[in-house]
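J.: Below is query.txt; it holds compact mmCIF, C-alpha atoms.
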# COMPACT_ATOMS: atom_id res chain seq x y z
CA MET E 1 -40.42 -15.42 -158.18
CA ALA E 2 -39.05 -16.35 -161.58
CA THR E 3 -37.20 -19.65 -161.88
CA LEU E 4 -34.34 -20.78 -164.05
CA SER E 5 -36.86 -22.74 -166.15
CA ASP E 6 -38.88 -19.55 -166.71
CA VAL E 7 -35.76 -17.81 -168.02
CA ALA E 8 -35.02 -20.76 -170.30
CA ALA E 9 -38.58 -20.75 -171.72
CA VAL E 10 -38.49 -17.00 -172.50
CA ALA E 11 -35.00 -17.23 -174.02
CA GLY E 12 -35.88 -20.32 -176.06
CA VAL E 13 -33.08 -22.49 -174.65
CA SER E 14 -32.85 -25.36 -172.18
CA PRO E 15 -32.56 -24.81 -168.41
CA THR E 16 -29.18 -26.57 -168.56
CA THR E 17 -27.93 -23.98 -171.05
CA VAL E 18 -29.03 -21.13 -168.79
CA SER E 19 -27.40 -22.77 -165.77
CA ARG E 20 -24.11 -23.34 -167.56
CA TYR E 21 -24.18 -19.80 -168.94
CA LEU E 22 -24.65 -18.30 -165.46
CA ASN E 23 -21.80 -20.45 -164.13
CA ASN E 24 -19.49 -19.45 -167.01
CA ASN E 25 -19.26 -23.07 -168.12
CA ILE E 26 -20.35 -22.69 -171.72
CA ALA E 27 -19.45 -20.56 -174.75
CA LEU E 28 -22.59 -19.32 -176.55
CA PRO E 29 -23.20 -17.24 -179.68
CA ALA E 30 -23.73 -13.55 -178.96
CA SER E 31 -27.37 -13.76 -180.04
CA THR E 32 -28.07 -16.55 -177.52
CA ARG E 33 -26.33 -14.67 -174.72
CA GLU E 34 -28.38 -11.58 -175.51
CA ARG E 35 -31.65 -13.57 -175.38
CA ILE E 36 -30.74 -15.05 -171.99
CA ASP E 37 -29.68 -11.66 -170.59
CA ALA E 38 -32.90 -10.10 -171.88
CA ALA E 39 -35.00 -12.86 -170.31
CA ILE E 40 -33.20 -12.42 -166.97
CA ALA E 41 -33.88 -8.68 -167.04
CA GLN E 42 -37.52 -9.12 -168.16
CA LEU E 43 -38.30 -11.63 -165.41
CA ASP E 44 -36.09 -9.95 -162.77
CA TYR E 45 -34.56 -13.36 -162.19
CA ARG E 46 -32.41 -13.87 -159.09
CA PRO E 47 -30.40 -17.10 -158.80
CA ASN E 48 -31.11 -19.39 -155.87
CA LEU E 49 -27.78 -18.94 -154.12
CA LEU E 50 -28.31 -21.80 -151.68
CA ALA E 51 -29.06 -24.21 -154.50
CA LYS E 52 -26.11 -22.90 -156.46
CA ARG E 53 -23.78 -23.37 -153.50
CA LEU E 54 -25.02 -26.91 -152.99
CA SER E 55 -24.49 -27.75 -156.65
CA THR E 56 -21.06 -26.13 -157.02
CA GLY E 57 -19.71 -26.73 -153.52
CA ARG E 58 -18.72 -23.06 -153.27
CA ALA E 59 -19.90 -20.21 -151.09
CA GLU E 60 -18.88 -17.66 -153.76
CA ALA E 61 -17.53 -15.49 -150.97
CA ILE E 62 -14.06 -14.71 -149.68
CA GLY E 63 -12.89 -13.36 -146.35
CA LEU E 64 -10.74 -10.28 -145.79
CA VAL E 65 -9.00 -9.85 -142.44
CA THR E 66 -7.60 -6.35 -141.97
CA PRO E 67 -5.91 -4.73 -138.94
CA ASP E 68 -7.86 -1.47 -138.91
CA ILE E 69 -10.50 -0.54 -141.46
CA GLY E 70 -10.41 3.00 -140.07
CA ASN E 71 -6.83 3.43 -141.28
CA PRO E 72 -6.95 4.99 -144.78
CA PHE E 73 -4.29 2.59 -146.07
CA PHE E 74 -6.21 -0.55 -145.07
CA ALA E 75 -9.54 1.02 -146.06
CA GLN E 76 -8.24 1.71 -149.55
CA LEU E 77 -6.94 -1.84 -149.88
CA ALA E 78 -10.25 -3.26 -148.65
CA ALA E 79 -12.22 -1.20 -151.17
CA VAL E 80 -10.10 -2.53 -154.03
CA VAL E 81 -10.42 -6.13 -152.82
CA GLU E 82 -14.19 -5.79 -152.57
CA SER E 83 -14.50 -4.28 -156.03
CA GLU E 84 -12.23 -6.83 -157.67
CA ALA E 85 -13.88 -9.79 -155.93
CA GLU E 86 -17.28 -8.55 -157.06
CA ARG E 87 -16.00 -8.48 -160.62
CA HIS E 88 -15.30 -12.21 -160.24
CA GLY E 89 -18.76 -12.82 -158.81
CA TYR E 90 -17.64 -13.12 -155.18
CA ALA E 91 -18.93 -11.40 -152.07
CA VAL E 92 -16.45 -10.27 -149.40
CA TYR E 93 -16.87 -10.83 -145.67
CA MET E 94 -14.67 -8.32 -143.91
CA THR E 95 -13.42 -8.05 -140.34
CA SER E 96 -11.13 -5.57 -138.58
CA THR E 97 -8.87 -6.94 -135.83
CA HIS E 98 -7.32 -3.70 -134.50
CA GLY E 99 -3.96 -5.44 -134.61
CA ASP E 100 -4.81 -7.82 -131.77
CA ARG E 101 -3.45 -11.36 -132.25
CA ALA E 102 -6.32 -13.07 -130.43
CA ARG E 103 -8.81 -11.17 -132.60
CA GLU E 104 -6.89 -12.18 -135.74
CA ILE E 105 -7.13 -15.83 -134.80
CA GLU E 106 -10.80 -15.53 -133.90
CA ALA E 107 -11.50 -13.66 -137.15
CA ILE E 108 -9.90 -16.43 -139.22
CA ARG E 109 -11.91 -19.08 -137.39
CA ARG E 110 -15.09 -17.04 -137.76
CA MET E 111 -14.46 -16.64 -141.47
CA ARG E 112 -14.12 -20.40 -141.78
CA ASP E 113 -17.42 -20.85 -139.94
CA ARG E 114 -19.04 -18.73 -142.63
CA HIS E 115 -17.66 -21.21 -145.14
CA VAL E 116 -15.86 -18.68 -147.30
CA ASP E 117 -13.97 -20.18 -150.21
CA GLY E 118 -10.72 -18.39 -149.47
CA LEU E 119 -9.08 -15.72 -147.37
CA ILE E 120 -6.94 -12.62 -147.85
CA LEU E 121 -5.04 -11.79 -144.68
CA MET E 122 -3.46 -8.49 -143.67
CA SER E 123 -1.68 -8.39 -140.31
CA ASN E 124 0.31 -5.62 -138.67
CA ARG E 125 2.03 -7.53 -135.87
CA PRO E 126 4.95 -10.00 -136.08
CA ASP E 127 3.66 -13.55 -135.76
CA ASP E 128 4.51 -15.46 -132.58
CA GLY E 129 3.84 -18.74 -134.38
CA SER E 130 0.11 -18.90 -133.66
CA LEU E 131 -0.96 -17.64 -137.09
CA ALA E 132 1.47 -19.97 -138.83
CA ARG E 133 0.08 -22.95 -136.94
CA LEU E 134 -3.52 -21.94 -137.69
CA LEU E 135 -2.87 -21.47 -141.41
CA ALA E 136 -0.40 -24.32 -141.94
CA ASP E 137 -2.92 -26.63 -143.63
CA ASP E 138 -4.91 -23.96 -145.48
CA ASP E 139 -3.93 -23.56 -149.13
CA LYS E 140 -6.65 -21.04 -150.04
CA VAL E 141 -5.07 -18.05 -148.32
CA VAL E 142 -3.17 -15.07 -149.74
CA LEU E 143 -1.03 -12.85 -147.51
CA MET E 144 -1.09 -9.17 -148.43
CA ASP E 145 1.26 -6.40 -147.29
CA GLU E 146 2.85 -8.29 -144.37
CA ASP E 147 4.26 -11.79 -143.92
CA VAL E 148 3.51 -14.79 -141.73
CA PRO E 149 6.86 -16.66 -141.80
CA GLY E 150 7.09 -20.42 -141.90
CA ILE E 151 4.18 -21.25 -144.19
CA GLY E 152 4.09 -21.68 -147.96
CA LEU E 153 1.26 -19.33 -148.83
CA SER E 154 0.97 -16.96 -151.78
CA ARG E 155 2.20 -13.47 -150.87
CA VAL E 156 1.70 -10.00 -152.37
CA PHE E 157 4.15 -7.38 -151.10
CA VAL E 158 5.72 -4.14 -152.31
CA GLU E 159 9.41 -3.30 -152.68
CA ASN E 160 9.79 -2.00 -149.12
CA GLU E 161 13.58 -1.98 -149.09
CA VAL E 162 13.80 -0.13 -152.40
CA GLY E 163 11.27 2.46 -151.23
CA ALA E 164 13.14 3.23 -148.02
CA TYR E 165 16.40 3.42 -149.96
CA LEU E 166 14.89 5.95 -152.38
CA ALA E 167 13.47 8.02 -149.50
CA THR E 168 16.78 8.15 -147.65
CA GLN E 169 18.75 8.80 -150.84
CA HIS E 170 16.47 11.77 -151.59
CA LEU E 171 17.27 13.29 -148.21
CA ILE E 172 20.99 12.65 -148.67
CA ALA E 173 20.88 14.27 -152.11
CA ALA E 174 19.41 17.37 -150.43
CA GLY E 175 22.53 17.59 -148.27
CA HIS E 176 21.23 15.93 -145.09
CA ARG E 177 23.81 13.90 -143.21
CA HIS E 178 22.03 13.21 -139.93
CA ILE E 179 18.77 11.40 -140.71
CA ALA E 180 16.49 9.64 -138.23
CA VAL E 181 14.00 6.91 -139.07
CA ILE E 182 10.67 6.19 -137.36
CA GLY E 183 8.99 2.84 -138.04
CA GLY E 184 6.46 0.24 -136.98
CA PRO E 185 6.71 -2.86 -134.78
CA PRO E 186 10.20 -4.44 -134.67
CA GLY E 187 10.29 -7.79 -136.46
CA LEU E 188 7.50 -6.97 -138.92
CA LEU E 189 8.46 -7.64 -142.55
CA SER E 190 7.88 -4.09 -143.79
CA VAL E 191 9.73 -2.64 -140.81
CA ARG E 192 12.78 -4.88 -141.32
CA GLU E 193 12.90 -4.19 -145.05
CA ARG E 194 12.41 -0.42 -144.77
CA LEU E 195 15.05 -0.21 -142.07
CA ALA E 196 17.39 -2.19 -144.34
CA GLY E 197 16.79 0.28 -147.18
CA TYR E 198 17.50 3.24 -144.90
CA GLU E 199 20.71 1.62 -143.60
CA ARG E 200 21.89 0.73 -147.11
CA ALA E 201 21.53 4.32 -148.29
CA MET E 202 23.31 5.65 -145.21
CA THR E 203 26.15 3.13 -145.55
CA GLU E 204 26.66 3.83 -149.25
CA ALA E 205 26.92 7.55 -148.46
CA GLY E 206 29.42 6.88 -145.67
CA LEU E 207 27.02 8.27 -143.05
CA ALA E 208 26.70 7.11 -139.46
CA VAL E 209 23.47 6.07 -137.78
CA HIS E 210 23.62 7.64 -134.33
CA GLU E 211 22.21 6.25 -131.12
CA GLY E 212 18.59 7.30 -130.84
CA ASP E 213 18.16 7.78 -134.59
CA VAL E 214 16.12 4.58 -135.08
CA LEU E 215 12.77 4.51 -133.29
CA LEU E 216 10.43 1.56 -133.84
CA GLN E 217 7.09 0.75 -132.24
CA ASP E 218 3.83 1.32 -134.16
CA TYR E 219 2.57 2.52 -137.52
CA SER E 220 0.46 5.12 -135.75
CA ARG E 221 0.13 8.86 -135.62
CA SER E 222 0.56 8.85 -131.83
CA PHE E 223 3.88 7.04 -132.05
CA GLY E 224 5.05 9.36 -134.82
CA ARG E 225 4.38 12.26 -132.46
CA ALA E 226 6.02 10.60 -129.43
CA ALA E 227 9.07 9.48 -131.42
CA THR E 228 9.60 12.99 -132.76
CA GLU E 229 9.37 14.43 -129.28
CA SER E 230 12.08 11.97 -128.25
CA ILE E 231 14.24 13.01 -131.21
CA LEU E 232 13.87 16.70 -130.37
CA ALA E 233 14.91 16.03 -126.77
CA GLN E 234 18.32 14.74 -127.90
CA LYS E 235 21.40 16.95 -127.57
CA ARG E 236 22.27 16.44 -131.24
CA THR E 237 19.14 16.43 -133.37
CA PRO E 238 18.89 15.26 -136.99
CA SER E 239 18.04 17.62 -139.83
CA ALA E 240 15.68 15.12 -141.49
CA ILE E 241 13.31 12.28 -140.63
CA PHE E 242 12.22 9.32 -142.71
CA ALA E 243 8.82 8.28 -141.37
CA SER E 244 8.15 4.84 -142.78
CA SER E 245 4.40 5.41 -143.09
CA ASP E 246 2.35 8.50 -143.89
CA TYR E 247 0.40 8.01 -140.65
CA LEU E 248 3.68 8.27 -138.75
CA ALA E 249 4.56 11.36 -140.81
CA VAL E 250 1.37 13.11 -139.69
CA GLY E 251 2.42 12.52 -136.08
CA VAL E 252 5.85 13.94 -136.90
CA LEU E 253 4.24 17.08 -138.34
CA GLN E 254 2.09 17.51 -135.22
CA ALA E 255 5.06 17.18 -132.87
CA LEU E 256 7.14 19.64 -134.84
CA GLN E 257 4.28 22.12 -134.96
CA ASN E 258 3.79 21.78 -131.19
CA ALA E 259 7.49 22.53 -130.76
CA GLY E 260 7.23 25.67 -132.87
CA LEU E 261 9.18 24.11 -135.74
CA SER E 262 8.25 23.93 -139.39
CA VAL E 263 8.74 21.52 -142.27
CA PRO E 264 10.93 21.73 -144.29
CA GLN E 265 12.63 24.87 -142.93
CA ASP E 266 13.57 23.31 -139.58
CA MET E 267 13.20 19.61 -140.39
CA SER E 268 12.87 17.79 -143.71
CA LEU E 269 10.47 14.85 -143.82
CA VAL E 270 9.71 11.92 -146.13
CA GLY E 271 6.85 9.46 -145.62
CA PHE E 272 5.88 6.09 -147.08
CA ASP E 273 2.51 5.05 -148.64
CA ASP E 274 1.28 8.15 -150.51
CA MET E 275 -2.13 8.12 -148.87
CA PRO E 276 -4.70 10.56 -150.33
CA PHE E 277 -4.10 12.99 -147.45
CA ALA E 278 -0.35 13.18 -148.20
CA GLU E 279 -0.78 15.98 -150.72
CA MET E 280 -3.28 17.82 -148.51
CA VAL E 281 -1.18 18.22 -145.36
CA ASN E 282 0.89 21.37 -144.90
CA PRO E 283 3.37 21.17 -146.48
CA PRO E 284 2.41 18.49 -149.04
CA LEU E 285 4.35 15.38 -148.11
CA THR E 286 7.20 13.91 -150.12
CA THR E 287 6.61 10.18 -149.84
CA ILE E 288 7.02 6.73 -151.33
CA ARG E 289 3.98 5.70 -153.35
CA GLN E 290 2.75 2.16 -152.84
CA PRO E 291 0.60 0.73 -155.67
CA VAL E 292 -2.34 0.09 -153.33
CA ALA E 293 -4.90 -0.60 -156.05
CA GLU E 294 -2.60 -3.03 -157.85
CA MET E 295 -1.80 -4.78 -154.57
CA GLY E 296 -5.49 -5.39 -153.87
CA ARG E 297 -6.19 -6.54 -157.41
CA MET E 298 -3.20 -8.87 -157.41
CA ALA E 299 -4.22 -10.46 -154.10
CA VAL E 300 -7.70 -11.22 -155.44
CA GLU E 301 -6.24 -12.52 -158.71
CA GLN E 302 -3.93 -14.88 -156.82
CA LEU E 303 -6.78 -16.10 -154.64
CA MET E 304 -9.04 -16.69 -157.66
CA ALA E 305 -6.26 -18.78 -159.22
CA LEU E 306 -6.06 -20.91 -156.07
CA LEU E 307 -9.83 -21.36 -155.98
CA ASN E 308 -9.74 -22.57 -159.57
CA GLY E 309 -7.01 -25.11 -158.93
CA ILE E 310 -4.28 -23.04 -160.57
CA ALA E 311 -0.93 -22.57 -158.86
CA ALA E 312 -0.52 -18.98 -157.66
CA ALA E 313 2.82 -17.17 -157.63
CA PRO E 314 4.51 -17.82 -154.26
CA LEU E 315 5.67 -14.20 -154.04
CA THR E 316 4.71 -11.08 -155.98
CA ARG E 317 6.67 -7.87 -155.41
CA LEU E 318 5.16 -4.64 -156.71
CA PRO E 319 7.31 -1.57 -157.47
CA VAL E 320 7.20 1.71 -155.54
CA ASP E 321 7.96 5.30 -156.59
CA LEU E 322 9.29 8.43 -154.93
CA VAL E 323 6.74 11.27 -155.08
CA VAL E 324 8.46 14.61 -154.55
CA ARG E 325 6.39 17.40 -153.01
CA ARG E 326 7.43 20.16 -150.59
CA SER E 327 8.47 18.57 -147.29
CA VAL E 328 12.19 18.35 -148.10
CA ALA E 329 14.54 21.34 -148.31
CA GLN E 330 18.22 21.63 -149.08
CA PHE E 331 20.17 21.30 -145.86
CA GLN E 332 21.22 24.53 -144.18
CA PRO E 333 23.26 24.42 -140.94
CA ARG E 334 20.98 25.40 -138.05
CA SER E 335 20.35 24.62 -134.41
CA ILE E 336 17.11 23.29 -132.96
Can the structure from this file be put into structure tokens for me?
T.:
Amino acid sequence: MATLSDVAAVAGVSPTTVSRYLNNNIALPASTRERIDAAIAQLDYRPNLLAKRLSTGRAEAIGLVTPDIGNPFFAQLAAVVESEAERHGYAVYMTSTHGDRAREIEAIRRMRDRHVDGLILMSNRPDDGSLARLLADDDKVVLMDEDVPGIGLSRVFVENEVGAYLATQHLIAAGHRHIAVIGGPPGLLSVRERLAGYERAMTEAGLAVHEGDVLLQDYSRSFGRAATESILAQKRTPSAIFASSDYLAVGVLQALQNAGLSVPQDMSLVGFDDMPFAEMVNPPLTTIRQPVAEMGRMAVEQLMALLNGIAAAPLTRLPVDLVVRRSVAQFQPRSI
């Protein structure tokens, strides 16, 4: 196996120069860099990672805790984080908690046992204080997508309230006056903010929110279906639904189809996320587009800053956009 000294001899430089070059600690002329790169390729040199970790004090790996890697939203975020971390020379250790608090805590502890240099955390349950206590003394953590209140960690979120406002406004502009909203767990940051956006749009339009119009529980397809069934069982049903995730919207579509109803003829529908499947469902879903790739890149960028002793922004908010497709129709009086 080729050594660092072998690379240095072939490139005609000192081993120290090669070491500093590989650690990005030296600026070299292009010709010198090319000789070192050529020597590395010729000798098929692989750095001794253990020795490098001992010398730098870094594992050159980060942890990613995600609620459900099977969910397309979290899978897309994880793929971006992995790609961006690799660009910085870091491996990613990933774990999926399935939204269970005990598993989140265990995952964070397990990540620490692997001696990762930092952590990106995505949760999908309101914190009961246990996460805040666990992370209180850890300054190499970035929160992505959802919050853990009470700790001063760097956060990367989207404009949830604005997105929900745009979604509800779009339905109001189409003539809908009775609009229901289906959302995730009560108390979760995104749920509170999206509900606030919905309520702001309704209030500005002088529209009432009726009893039974707000249904909150899970960002899941099954809850989207169950919530819609509950809405359809009401004496006075809405003409439109704002599903505050695309996964929920798929459940809404299933429930309406099971009831013999169609979108948008019988019920208009707007989602939130703009997952890849949103334009493939029938009808293609009008939704709020989250900048998923930018969110993942920003989280890694903030974590890299922290790892390099640079202060990271305490809060980054990324903009969202309304994507209009074919799941909203102009309101026509009808009975369901």
J.: Residues near region 304-313 of chain E, anyone? I mean within 12 Å using all atoms listed in the file, not counting same-chain ones fewer than 5 positions away, as a ChimeraX atom specification.
T.: /E:57-62,81,84-90,116-120,138-143,152-157,297-299
J.: Mind checking which residues fall within 12 Å of Thr287 (chain E), counting only C-alpha atoms, ignoring those fewer than 4 positions away in the same chain, and posting them as a PyMOL selection string?
T.: chain E and resi 163-168+170-171+241-250+268-279+283+320-328
J.: Nearest to Arg236 (chain E) among E:Leu253, E:Ala205, E:Val162, E:Ala180, with distances taken over only C-alpha atoms: which residue is it?
T.: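 Checking each of E:Leu253, E:Ala205, E:Val162, E:Ala180 against Arg236 (chain E), counting only C-alpha atoms, the winner is E:Ala180.
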J.: For a quick check of understanding, using only C-alpha atoms, which of E:Ala11, E:Phe74, E:Thr228, E:Thr66 has the smallest distance to Asn258 (chain E)?
T.: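 Under the stated criterion, the closest residue is E:Thr228.
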J.: Using only C-alpha atoms, determine which residues lie at most 10 Å from Asp128 (chain E), disregarding the query and same-chain residues fewer than 6 positions distant; provide the list as a VMD selection string.
T.: chain E and resid 101 148 to 149
J.: For region 28-31 of chain E, list every protein, DNA or RNA residue within 12 Å, evaluated using all atoms listed in the file, and leave out those in the same chain fewer than 6 positions away; present the list as a PyMOL selection string.
T.: chain E and resi 11-13+17-18+20-22+37-38
J.: Provide the CA of Val92 (chain E) to CA of Arg109 (chain E) distance in Å, to one decimal place.
T.: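 If I compute the distance from CA of Val92 (chain E) to CA of Arg109 (chain E), I get 15.6 Å.
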J.: Could you jot down the CA of His98 (chain E) to CA of Arg112 (chain E) separation for me, Å, one decimal place?
T.: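 The value is 19.4 Å.
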J.: Between CA of Gly129 (chain E) and CA of Ser220 (chain E), measure the distance and give it in Å to one decimal.
T.: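 Computing the Euclidean distance for CA of Gly129 (chain E) and CA of Ser220 (chain E) yields 24.1 Å.
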